[in-house]
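Structure file structure.cif with mmCIF, C-alpha atoms:
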```cif
data_data
loop_
_atom_site.label_atom_id
_atom_site.label_comp_id
_atom_site.auth_asym_id
_atom_site.auth_seq_id
_atom_site.Cartn_x
_atom_site.Cartn_y
_atom_site.Cartn_z
CA MET B 1 235.92 58.59 121.23
CA SER B 2 233.62 58.91 124.15
CA GLU B 3 229.80 58.93 124.00
CA ASP B 4 229.72 62.68 124.63
CA ASP B 5 232.16 63.33 121.81
CA ARG B 6 230.00 61.28 119.43
CA THR B 7 226.93 63.27 120.46
CA ARG B 8 228.73 66.50 119.80
CA ALA B 9 229.84 65.28 116.40
CA MET B 10 226.23 64.38 115.44
CA ARG B 11 224.79 67.66 116.62
CA SER B 12 224.44 70.38 114.03
CA PRO B 13 225.77 73.80 114.95
CA GLY B 14 223.16 76.37 115.81
CA ASP B 15 220.80 73.75 117.18
CA GLY B 16 220.02 76.02 120.09
CA ARG B 17 220.02 73.27 122.76
CA PRO B 18 222.80 73.05 125.38
CA LEU B 19 225.52 70.51 124.76
CA PRO B 20 226.16 67.74 127.23
CA PRO B 21 228.60 68.93 129.84
CA ARG B 22 232.22 67.80 129.91
CA PRO B 23 234.36 67.57 132.94
CA ASN B 24 235.49 70.96 134.15
CA ASP B 25 233.53 72.68 131.36
CA VAL B 26 231.13 75.60 131.43
CA PRO B 27 227.74 75.49 129.70
CA ARG B 28 227.90 76.29 126.04
CA SER B 29 225.29 76.53 123.33
CA GLY B 30 225.36 74.45 120.22
CA GLY B 31 227.84 75.83 117.75
CA ALA B 32 230.06 77.30 120.47
CA PRO B 33 233.80 77.61 119.68
CA ALA B 34 235.77 74.45 120.05
CA HIS B 35 238.40 76.11 122.26
CA ARG B 36 237.73 77.31 125.71
CA PHE B 37 237.61 80.92 126.81
CA PRO B 38 239.25 81.82 130.02
CA ALA B 39 236.79 82.09 132.80
CA GLY B 40 235.62 85.64 133.15
CA GLY B 41 237.52 86.70 130.04
CA PRO B 42 236.24 88.17 126.86
CA GLY B 43 233.60 86.09 125.21
CA ALA B 44 232.61 84.40 128.44
CA PRO B 45 228.80 83.96 128.67
CA THR B 46 227.14 86.56 130.81
CA HIS B 47 224.16 84.31 131.65
CA LYS B 48 223.21 80.71 131.60
CA LEU B 49 220.75 79.38 129.03
CA PRO B 50 217.80 77.49 130.51
CA ALA B 51 217.63 73.81 130.07
CA ALA B 52 214.91 72.32 127.90
CA SER B 53 213.13 71.04 130.96
CA GLN B 54 213.01 74.56 132.36
CA ILE B 55 211.10 76.10 129.35
CA PRO B 56 207.43 76.57 130.35
CA GLU B 57 204.75 74.90 128.27
CA PRO B 58 202.23 77.20 126.52
CA PRO B 59 198.81 77.40 128.18
CA PRO B 60 196.24 75.00 126.79
CA GLY B 61 193.55 76.37 124.46
CA PRO B 62 189.79 76.06 124.93
CA PRO B 63 188.25 72.58 124.91
CA GLY B 64 187.92 71.12 121.44
CA SER B 65 190.37 73.52 119.81
CA GLU B 66 193.43 72.36 117.89
CA PRO B 67 196.83 72.62 119.58
CA ARG B 68 198.73 75.74 118.74
CA ARG B 69 201.43 75.27 116.19
CA SER B 70 204.79 76.83 116.58
CA GLY B 71 205.41 77.41 112.95
CA GLY B 72 204.67 80.86 111.51
CA ARG B 73 203.73 81.93 108.02
CA VAL B 74 204.94 84.61 105.69
CA TYR B 75 203.36 85.75 102.46
CA GLY B 76 204.42 83.58 99.49
CA ARG B 77 206.03 80.69 101.42
CA GLN B 78 205.70 78.85 104.70
CA ARG B 79 208.09 79.12 107.56
CA SER B 80 209.99 76.17 108.80
CA GLY B 81 209.06 74.61 112.08
CA GLY B 82 205.78 72.94 111.24
CA GLY B 83 202.33 74.39 111.00
CA GLY B 84 200.62 74.98 107.73
CA GLY B 85 197.49 76.01 106.04
CA PRO B 86 196.72 78.44 103.26
CA VAL B 87 198.69 81.66 103.18
CA ARG B 88 196.53 84.67 103.93
CA PRO B 89 196.58 87.48 101.33
CA LEU B 90 197.92 90.84 102.31
CA ARG B 91 195.36 93.24 103.72
CA SER B 92 194.64 96.51 101.97
CA ARG B 93 195.01 99.84 103.64
CA GLY B 94 192.53 100.33 106.43
CA GLY B 95 192.79 96.72 107.56
CA GLN B 96 190.02 95.43 105.24
CA GLU B 97 190.16 92.50 102.91
CA PRO B 98 190.31 93.52 99.23
CA ARG B 99 186.84 93.13 97.68
CA GLU B 100 186.13 91.46 94.43
CA PRO B 101 184.83 93.85 91.72
CA ARG B 102 181.04 93.97 91.50
CA LYS B 103 179.52 92.30 88.52
CA ARG B 104 177.62 94.63 86.23
CA PRO B 105 174.12 93.52 85.25
CA SER B 106 173.95 92.02 81.80
CA GLY B 107 171.97 93.57 78.96
CA ARG B 108 169.31 90.90 79.29
CA THR B 109 168.83 91.76 82.97
CA ILE B 110 168.44 95.47 82.17
CA VAL B 111 165.86 94.68 79.48
CA LYS B 112 163.89 92.57 81.97
CA ILE B 113 163.91 95.39 84.55
CA VAL B 114 162.76 97.99 82.02
CA ALA B 115 160.06 95.65 80.71
CA GLY B 116 158.83 95.05 84.27
CA LEU B 117 158.59 98.79 84.95
CA LEU B 118 156.68 99.38 81.72
CA VAL B 119 154.22 96.61 82.55
CA ALA B 120 153.70 98.07 86.04
CA LEU B 121 153.05 101.54 84.59
CA LEU B 122 150.63 100.10 82.02
CA VAL B 123 148.70 98.22 84.69
CA ALA B 124 148.53 101.37 86.85
CA ALA B 125 147.33 103.46 83.89
CA VAL B 126 144.64 100.95 82.96
CA GLY B 127 143.52 100.72 86.58
CA MET B 128 143.27 104.51 86.91
CA PHE B 129 141.37 104.70 83.60
CA PHE B 130 138.64 102.34 84.81
CA TRP B 131 138.62 104.03 88.24
CA ILE B 132 137.98 107.43 86.65
CA ASP B 133 135.34 105.96 84.35
CA SER B 134 133.49 104.47 87.32
CA ARG B 135 133.43 107.84 89.14
CA LEU B 136 131.93 109.88 86.29
CA GLY B 137 128.39 111.06 86.89
CA GLY B 138 126.21 110.70 83.81
CA ILE B 139 122.94 112.44 82.88
CA ASP B 140 120.47 110.22 81.05
CA ASP B 141 118.71 111.23 77.81
CA VAL B 142 120.72 114.43 77.30
CA LEU B 143 121.58 113.36 73.75
CA ALA B 144 118.39 111.39 73.06
CA ASP B 145 117.28 111.31 69.42
CA TYR B 146 114.31 113.34 68.21
CA GLU B 147 112.62 113.75 64.86
CA GLU B 148 114.36 116.95 63.65
CA ARG B 149 117.83 116.09 64.94
CA PRO B 150 120.71 116.86 62.54
CA PRO B 151 122.51 113.85 61.01
CA ASP B 152 125.84 112.66 62.35
CA GLY B 153 128.65 114.43 60.48
CA PRO B 154 132.45 114.25 60.34
CA GLY B 155 134.44 115.20 63.42
CA THR B 156 133.31 115.32 67.05
CA ASN B 157 131.29 118.13 68.66
CA TRP B 158 131.39 118.86 72.40
CA LEU B 159 129.00 121.20 74.23
CA LEU B 160 130.85 122.60 77.27
CA VAL B 161 128.75 124.40 79.86
CA GLY B 162 129.98 126.40 82.85
CA SER B 163 127.23 126.59 85.45
CA ASP B 164 126.90 129.25 88.15
CA SER B 165 125.50 126.65 90.55
CA ARG B 166 126.62 127.23 94.16
CA LYS B 167 126.02 123.58 95.04
CA GLY B 168 128.84 122.22 97.20
CA LEU B 169 129.97 125.66 98.41
CA SER B 170 129.75 126.55 102.08
CA LYS B 171 128.65 129.99 103.29
CA ALA B 172 132.29 130.92 103.93
CA GLN B 173 133.34 129.75 100.46
CA ARG B 174 130.55 131.75 98.82
CA LYS B 175 131.75 134.85 100.63
CA LYS B 176 135.40 134.21 99.74
CA LEU B 177 134.62 133.53 96.07
CA ALA B 178 132.06 136.37 95.84
CA THR B 179 129.51 134.10 94.15
CA GLY B 180 126.46 135.77 95.68
CA ARG B 181 123.38 134.09 97.15
CA ALA B 182 121.54 133.10 93.97
CA VAL B 183 119.78 129.76 94.20
CA GLY B 184 119.30 127.25 91.42
CA GLN B 185 121.65 127.44 88.45
CA ARG B 186 122.15 129.25 85.17
CA THR B 187 124.79 129.00 82.49
CA ASP B 188 127.77 131.22 83.13
CA SER B 189 129.48 130.22 79.88
CA MET B 190 128.75 127.97 76.90
CA MET B 191 131.22 126.77 74.29
CA LEU B 192 131.07 124.47 71.30
CA LEU B 193 134.27 122.51 70.60
CA HIS B 194 134.69 120.86 67.19
CA ILE B 195 137.42 118.22 66.90
CA PRO B 196 138.01 117.51 63.19
CA ASP B 197 138.86 114.15 61.67
CA THR B 198 141.56 115.91 59.63
CA ASP B 199 144.93 117.26 60.75
CA ASP B 200 143.48 120.75 61.20
CA PRO B 201 143.42 122.15 64.75
CA PRO B 202 140.18 122.03 66.79
CA THR B 203 137.84 125.02 66.86
CA LEU B 204 136.43 126.42 70.12
CA VAL B 205 133.40 128.69 69.68
CA SER B 206 131.86 130.77 72.48
CA LEU B 207 128.07 130.89 72.54
CA PRO B 208 126.99 134.13 74.31
CA ARG B 209 124.34 133.29 76.90
CA ASP B 210 122.40 136.46 75.95
CA LEU B 211 122.31 135.45 72.27
CA ALA B 212 118.80 135.61 70.75
CA VAL B 213 117.73 132.14 69.56
CA THR B 214 114.57 130.16 68.96
CA ILE B 215 114.17 127.79 71.91
CA TYR B 216 113.34 124.28 70.69
CA GLY B 217 109.56 123.92 70.70
CA LYS B 218 109.13 127.45 72.10
CA GLN B 219 109.49 131.11 71.17
CA ARG B 220 112.48 133.44 70.74
CA ASP B 221 114.47 134.07 73.90
CA LYS B 222 117.99 134.29 75.26
CA LEU B 223 120.08 131.13 74.91
CA ASN B 224 120.40 130.99 78.68
CA ALA B 225 116.65 130.41 78.94
CA ALA B 226 117.08 127.08 77.17
CA TYR B 227 119.36 125.85 79.96
CA ASN B 228 116.70 126.73 82.51
CA GLY B 229 114.63 123.97 80.91
CA GLY B 230 117.43 121.42 81.47
CA PRO B 231 120.46 120.10 79.58
CA GLN B 232 118.33 118.20 77.05
CA LEU B 233 116.45 121.34 75.98
CA LEU B 234 119.74 123.26 75.74
CA VAL B 235 121.28 120.58 73.47
CA ARG B 236 118.26 120.45 71.19
CA THR B 237 118.15 124.25 70.91
CA ILE B 238 121.83 124.48 69.96
CA GLU B 239 121.53 121.61 67.47
CA THR B 240 118.56 123.36 65.83
CA VAL B 241 120.35 126.74 65.64
CA THR B 242 123.71 125.45 64.39
CA ASP B 243 122.54 122.36 62.42
CA LEU B 244 125.37 120.45 64.16
CA ARG B 245 124.87 117.21 66.09
CA VAL B 246 126.26 117.35 69.64
CA ASP B 247 128.23 114.16 70.36
CA ASN B 248 129.29 114.83 73.98
CA TYR B 249 128.00 117.05 76.78
CA MET B 250 129.88 118.28 79.87
CA GLU B 251 129.13 120.87 82.53
CA ILE B 252 130.96 122.10 85.61
CA GLY B 253 129.94 124.32 88.57
CA PHE B 254 131.80 127.00 90.55
CA ALA B 255 133.09 124.65 93.26
CA GLY B 256 134.42 122.12 90.76
CA PHE B 257 136.06 124.86 88.74
CA VAL B 258 138.09 126.03 91.72
CA ASP B 259 139.11 122.51 92.75
CA ILE B 260 140.37 121.56 89.28
CA VAL B 261 142.52 124.68 88.98
CA ASP B 262 144.04 124.13 92.41
CA ALA B 263 144.64 120.43 91.65
CA VAL B 264 146.89 121.29 88.69
CA GLY B 265 148.80 123.86 90.74
CA GLY B 266 147.24 126.95 89.16
CA VAL B 267 147.37 128.18 85.57
CA GLU B 268 149.57 130.88 84.07
CA MET B 269 147.61 133.60 82.29
CA ASN B 270 148.62 136.77 80.50
CA VAL B 271 146.38 139.47 81.95
CA THR B 272 146.24 142.19 79.31
CA ALA B 273 145.04 144.91 81.70
CA ALA B 274 144.90 145.33 85.47
CA VAL B 275 141.58 144.22 86.96
CA ASN B 276 139.93 145.40 90.17
CA ASP B 277 136.43 143.92 90.53
CA PRO B 278 135.12 143.55 94.11
CA LYS B 279 131.93 141.87 92.83
CA ALA B 280 134.01 139.02 91.41
CA GLY B 281 136.45 139.12 94.35
CA LEU B 282 139.28 139.86 91.93
CA LYS B 283 142.27 142.16 91.94
CA LEU B 284 144.99 141.36 89.40
CA LYS B 285 147.95 143.24 88.01
CA LYS B 286 148.83 143.40 84.34
CA GLY B 287 151.14 140.77 82.83
CA LYS B 288 151.79 137.03 83.06
CA GLN B 289 150.97 135.44 86.38
CA VAL B 290 149.81 132.15 87.87
CA LEU B 291 146.19 132.21 89.02
CA ASP B 292 144.84 129.91 91.72
CA GLY B 293 141.30 128.57 91.74
CA ALA B 294 139.65 131.56 93.38
CA GLN B 295 141.44 134.05 91.13
CA ALA B 296 140.62 132.00 88.03
CA LEU B 297 136.93 131.96 88.90
CA GLY B 298 136.91 135.73 89.29
CA TYR B 299 138.86 136.14 86.05
CA VAL B 300 136.32 134.28 83.91
CA ARG B 301 133.32 135.92 85.64
CA THR B 302 134.34 139.59 85.69
CA ARG B 303 132.72 142.00 83.27
CA LYS B 304 135.33 144.69 83.84
CA GLY B 305 137.43 145.88 80.91
CA GLY B 306 136.85 146.30 77.21
CA ALA B 307 134.28 148.24 75.21
CA LEU B 308 132.06 145.12 75.11
CA PRO B 309 132.28 143.54 78.59
CA ASP B 310 130.36 140.35 77.71
CA TYR B 311 132.41 139.94 74.54
CA GLU B 312 135.67 140.27 76.44
CA ARG B 313 134.32 137.92 79.08
CA THR B 314 133.71 135.12 76.58
CA LYS B 315 137.17 135.69 75.17
CA ARG B 316 138.76 135.26 78.61
CA GLN B 317 136.69 132.13 79.20
CA ARG B 318 137.98 130.53 75.99
CA GLN B 319 141.53 131.56 76.81
CA PHE B 320 141.36 130.15 80.31
CA LEU B 321 139.58 126.90 79.43
CA ALA B 322 142.21 126.11 76.81
CA ALA B 323 145.00 126.84 79.31
CA VAL B 324 143.62 124.78 82.20
CA VAL B 325 142.73 121.73 80.08
CA LYS B 326 146.09 121.87 78.31
CA LYS B 327 147.94 121.86 81.62
CA ALA B 328 145.75 119.10 83.03
CA ALA B 329 146.61 116.93 80.02
CA SER B 330 150.35 117.66 80.16
CA PRO B 331 152.77 114.78 80.95
CA GLY B 332 154.12 116.60 83.99
CA VAL B 333 150.66 116.49 85.61
CA LEU B 334 149.46 113.10 84.38
CA ILE B 335 152.66 111.15 85.22
CA ASN B 336 153.06 112.67 88.68
CA PRO B 337 150.73 110.79 91.08
CA PHE B 338 150.77 113.74 93.50
CA THR B 339 148.96 115.85 90.88
CA SER B 340 147.18 113.30 88.66
CA ILE B 341 145.29 111.58 91.49
CA PRO B 342 143.98 114.84 93.11
CA LEU B 343 143.10 116.08 89.62
CA ALA B 344 141.18 112.90 88.81
CA MET B 345 139.28 113.10 92.09
CA SER B 346 138.47 116.81 91.67
CA ALA B 347 137.46 116.44 88.04
CA THR B 348 135.19 113.44 88.57
CA ASP B 349 133.52 115.15 91.55
CA ALA B 350 133.04 118.43 89.70
CA VAL B 351 132.25 117.37 86.14
CA THR B 352 128.88 116.05 84.96
CA VAL B 353 128.63 114.43 81.54
CA ASP B 354 125.99 112.69 79.46
CA SER B 355 125.59 108.98 80.17
CA SER B 356 127.35 107.96 76.93
CA THR B 357 130.53 109.94 77.68
CA GLY B 358 133.36 108.05 79.38
CA ALA B 359 136.98 108.46 80.45
CA PHE B 360 138.27 107.80 76.93
CA ASP B 361 136.16 110.70 75.60
CA LEU B 362 137.56 113.00 78.31
CA LEU B 363 141.08 112.00 77.31
CA SER B 364 140.26 112.90 73.71
CA LEU B 365 138.92 116.26 74.89
CA GLY B 366 142.10 116.96 76.85
CA LEU B 367 144.34 116.12 73.89
CA ALA B 368 142.28 118.33 71.60
CA MET B 369 142.45 121.29 73.98
CA GLY B 370 146.18 120.79 74.25
CA ASP B 371 146.46 121.10 70.46
CA SER B 372 146.11 124.91 70.56
CA PRO B 373 142.54 125.16 69.19
CA VAL B 374 141.36 128.04 67.03
CA THR B 375 139.10 130.21 69.20
CA THR B 376 136.27 132.45 68.13
CA VAL B 377 132.75 133.59 69.07
CA VAL B 378 129.43 133.46 67.24
CA PRO B 379 129.44 136.62 65.09
CA PHE B 380 126.91 139.13 66.39
CA GLY B 381 125.94 142.72 65.94
CA GLY B 382 123.22 144.88 67.44
CA ASN B 383 120.33 143.91 69.68
CA GLU B 384 116.99 142.17 69.23
CA ASP B 385 113.76 142.83 71.09
CA LEU B 386 112.26 139.65 72.50
CA PRO B 387 108.56 138.71 72.68
CA ASN B 388 108.72 138.68 76.47
CA GLY B 389 109.85 142.30 76.50
CA GLY B 390 113.56 141.64 77.05
CA VAL B 391 116.53 142.54 74.87
CA ALA B 392 119.03 139.99 73.55
CA VAL B 393 122.16 140.05 71.41
CA LYS B 394 121.45 139.60 67.70
CA SER B 395 123.76 137.35 65.69
CA ASP B 396 125.21 138.20 62.27
CA ARG B 397 123.25 135.57 60.37
CA GLN B 398 125.44 135.45 57.26
CA LYS B 399 128.72 135.08 59.15
CA ALA B 400 127.19 132.69 61.68
CA LEU B 401 126.02 130.39 58.86
CA ALA B 402 129.53 130.47 57.33
CA LEU B 403 130.99 129.47 60.70
CA PHE B 404 128.63 126.58 61.40
CA ASN B 405 128.71 125.29 57.80
CA ALA B 406 132.51 125.09 57.94
CA LEU B 407 132.33 123.01 61.13
CA LYS B 408 129.59 120.83 59.61
CA GLU B 409 131.81 120.06 56.60
CA ASP B 410 134.87 119.52 58.85
CA LYS B 411 136.72 122.42 57.22
CA PRO B 412 138.71 125.35 58.70
CA VAL B 413 136.60 128.37 59.64
CA PRO B 414 136.99 131.23 57.11
CA LYS B 415 139.24 133.99 58.36
CA SER B 416 136.55 136.53 57.57
CA VAL B 417 134.38 135.23 60.43
CA LEU B 418 137.10 134.44 62.97
CA ASP B 419 137.49 136.62 66.03
CA ALA B 420 140.71 138.40 65.10
CA ARG B 421 141.04 140.25 68.44
#
```
What does this structure look like when you write it as structure tokens?
Amino acid sequence: MSEDDRTRAMRSPGDGRPLPPRPNDVPRSGGAPAHRFPAGGPGAPTHKLPAASQIPEPPPGPPGSEPRRSGGRVYGRQRSGGGGGPVRPLRSRGGQEPREPRKRPSGRTIVKIVAGLLVALLVAAVGMFFWIDSRLGGIDDVLADYEERPPDGPGTNWLLVGSDSRKGLSKAQRKKLATGRAVGQRTDSMMLLHIPDTDDPPTLVSLPRDLAVTIYGKQRDKLNAAYNGGPQLLVRTIETVTDLRVDNYMEIGFAGFVDIVDAVGGVEMNVTAAVNDPKAGLKLKKGKQVLDGAQALGYVRTRKGGALPDYERTKRQRQFLAAVVKKAASPGVLINPFTSIPLAMSATDAVTVDSSTGAFDLLSLGLAMGDSPVTTVVPFGGNEDLPNGGVAVKSDRQKALALFNALKEDKPVPKSVLDAR
């Protein structure tokens, strides 16, 4: 056997490389039939396969890169022919690698997040509390002791005064709000709020400014005359008349009243009858409606409507004060920084309190007003001639004593003296 025959015997069929030529033979590929086909006959090759030396080398890669391997890969196993490496997973639709599922936060992580938020809210609340307290303007000696002062009793008594002071209002604002040109200040409304130590609701009592009283250290006059002598004289006069100790004092002017109402987004009121009062700059239709600051000011000042205009006026003042304070103390206003911060700024700019009253006391006031207080007015009937020649409203002494004694003993006011209308 010749060398070529041995080579053919050692070659595996299908090798793909050309066999060594034999004399008078045509080029054949490995695995070609052992017999010869006639030249040009069926089965004759139509083209010549290139020799190994004629196959072009692949272009070299960039410097430093590994030589390209000829072997390919299929999913699940590696092709023959060399090459290797980890098998790539199949791609999902869209040509993106499948993502691993996100890990859900553990219960401990959620607890930590919630605890962090609560701490942040607590810090913010404490900070705002001290900020409000630092902005409050206090009046010294309003509640100073004196020899005839009533003893401290159960519950807490607030004296709330609405002043007609135009301080802080521009000429254009005075015209828009129809406040007039009066200088100085007088009381436009006075109320006594009793917050009991029991579970009974608070009691809000209107004190008519034209009520005939004995001014502390002076003669009989209208209650409004006591305020002309200053907040201290007003407190001492009311304490003497009612035999109740005033624990906190607060007053607010026209400008502050408007700002507070606007800061809470207005207050819904049920107007029992249509009102048209140019003097108060007010024109309202009957029914429930939201009043802005200017409308609210006109609503509590107007004397239109009712057989007793001043009586109806005090009733509207109690109704409105309860509504505005209740809304100001609602969670929707206090939690929302877009309403709570403007409200805090407006209230601290507009409200004046005694020097012993702080932010905590104002919070207690707001909660009490939000507890649907019982509202009434000092019982009165008829008129009284004053020594100075004026005429004031005379109180019903028997019913007035029953009212103030009930508050002094921290008991509910008898229904016989409550304002039923």
Query - Counting all atoms listed in the file, the residue of B:Gln317, B:Asn276, B:Asn270, B:Thr240 that sits nearest Pro150 of chain B - result: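 Selected residue with least distance to Pro150 of chain B: B:Thr240.
If you measure from each of B:Asp349, B:Asp200, B:Leu367, B:Ser340 to Val413 of chain B using only C-alpha atoms, the closest one turns out to be B:Asp200.
Considering all atoms listed in the file, the residue among B:Lys279, B:Lys288, B:Arg397, B:Arg313 positioned nearest to Ala212 of chain B is B:Arg397.
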Given the PyMOL selection byres ((chain B and resi 151) around 12), the residues it picks as an mmCIF file with C-alpha atoms, keeping the file's coordinate frame:
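Listed below is the output, result.cif:
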```cif
data_model
loop_
_atom_site.group_PDB
_atom_site.id
_atom_site.type_symbol
_atom_site.label_atom_id
_atom_site.label_comp_id
_atom_site.auth_asym_id
_atom_site.auth_seq_id
_atom_site.Cartn_x
_atom_site.Cartn_y
_atom_site.Cartn_z
ATOM 1 C CA ASP B 145 117.280 111.310 69.420
ATOM 2 C CA TYR B 146 114.310 113.340 68.210
ATOM 3 C CA GLU B 147 112.620 113.750 64.860
ATOM 4 C CA GLU B 148 114.360 116.950 63.650
ATOM 5 C CA ARG B 149 117.830 116.090 64.940
ATOM 6 C CA PRO B 150 120.710 116.860 62.540
ATOM 7 C CA ASP B 152 125.840 112.660 62.350
ATOM 8 C CA GLY B 153 128.650 114.430 60.480
ATOM 9 C CA PRO B 154 132.450 114.250 60.340
ATOM 10 C CA GLU B 239 121.530 121.610 67.470
ATOM 11 C CA THR B 240 118.560 123.360 65.830
ATOM 12 C CA ASP B 243 122.540 122.360 62.420
ATOM 13 C CA LEU B 244 125.370 120.450 64.160
ATOM 14 C CA ARG B 245 124.870 117.210 66.090
ATOM 15 C CA VAL B 246 126.260 117.350 69.640
ATOM 16 C CA ASP B 247 128.230 114.160 70.360
ATOM 17 C CA LYS B 408 129.590 120.830 59.610
#
```
Requested in this report: Carefully work through the PyMOL selection byres ((chain B and resi 252) around 8) for this structure and note down the residues it includes, as an MDAnalysis selection string.
Outcome: chainID B and resid 161:163 250:251 253:254 256:257 350:352
Where's the centre, and what are the edge lengths in Å to one decimal, of a box along x, y and z enclosing all listed atoms of segment 376-389 of chain B padded 8 Å per side, as AutoDock Vina command-line options?
```
--center_x 122.4 --center_y 138.7 --center_z 70.8 --size_x 43.7 --size_y 28.4 --size_z 27.4
```
Query raised in the report: What gap, in Å, lies between atom CA of Tyr216 of chain B and atom CA of Ala406 of chain B?
Result: 23.0 Å
Requested in this report: Extract, using all atoms listed in the file, all DNA, RNA and protein residues at most 12 Å from Gly389 of chain B, discarding same-chain residues fewer than 6 positions from it, and format them as a list in words.
Outcome: Arg220, Asp221 and Lys222 of chain B
Report task. Up to 12 Å from (145.2, 120.6, 71.7) in the file's coordinates: name the residues, counting all atoms listed in the file, as number ranges by chain. Result -> B: 193-196, 199-204, 321-330, 363-375
Report task. Between atom CA of Gly287 of chain B and atom CA of Arg316 of chain B, measure the distance and give it in Å to one decimal. Result ->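 Interatomic distance, atom CA of Gly287 of chain B to atom CA of Arg316 of chain B: 14.2 Å.
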Report task. Write out as a ChimeraX atom specification each polymer residue whose atoms come within 12 Å of Ser355 of chain B, counting all atoms listed in the file; drop sequence neighbours fewer than 2 positions from it. Result -> /B:133-144,247-250,352-353,357-359,361
Query raised in the report: What does the distance between atom CA of Gly230 of chain B and atom CA of Ser206 of chain B come to in Å, to one decimal place?
Result: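 Between these atoms lies a distance of 19.4 Å.
When you apply the PyMOL selection byres ((chain B and resi 190) around 8) to this structure, what comes back is Leu159, Leu160, Val161, Gly162, Thr187, Asp188, Ser189, Met191, Leu192, Ser206, Leu207, Pro208 and Arg209 of chain B.
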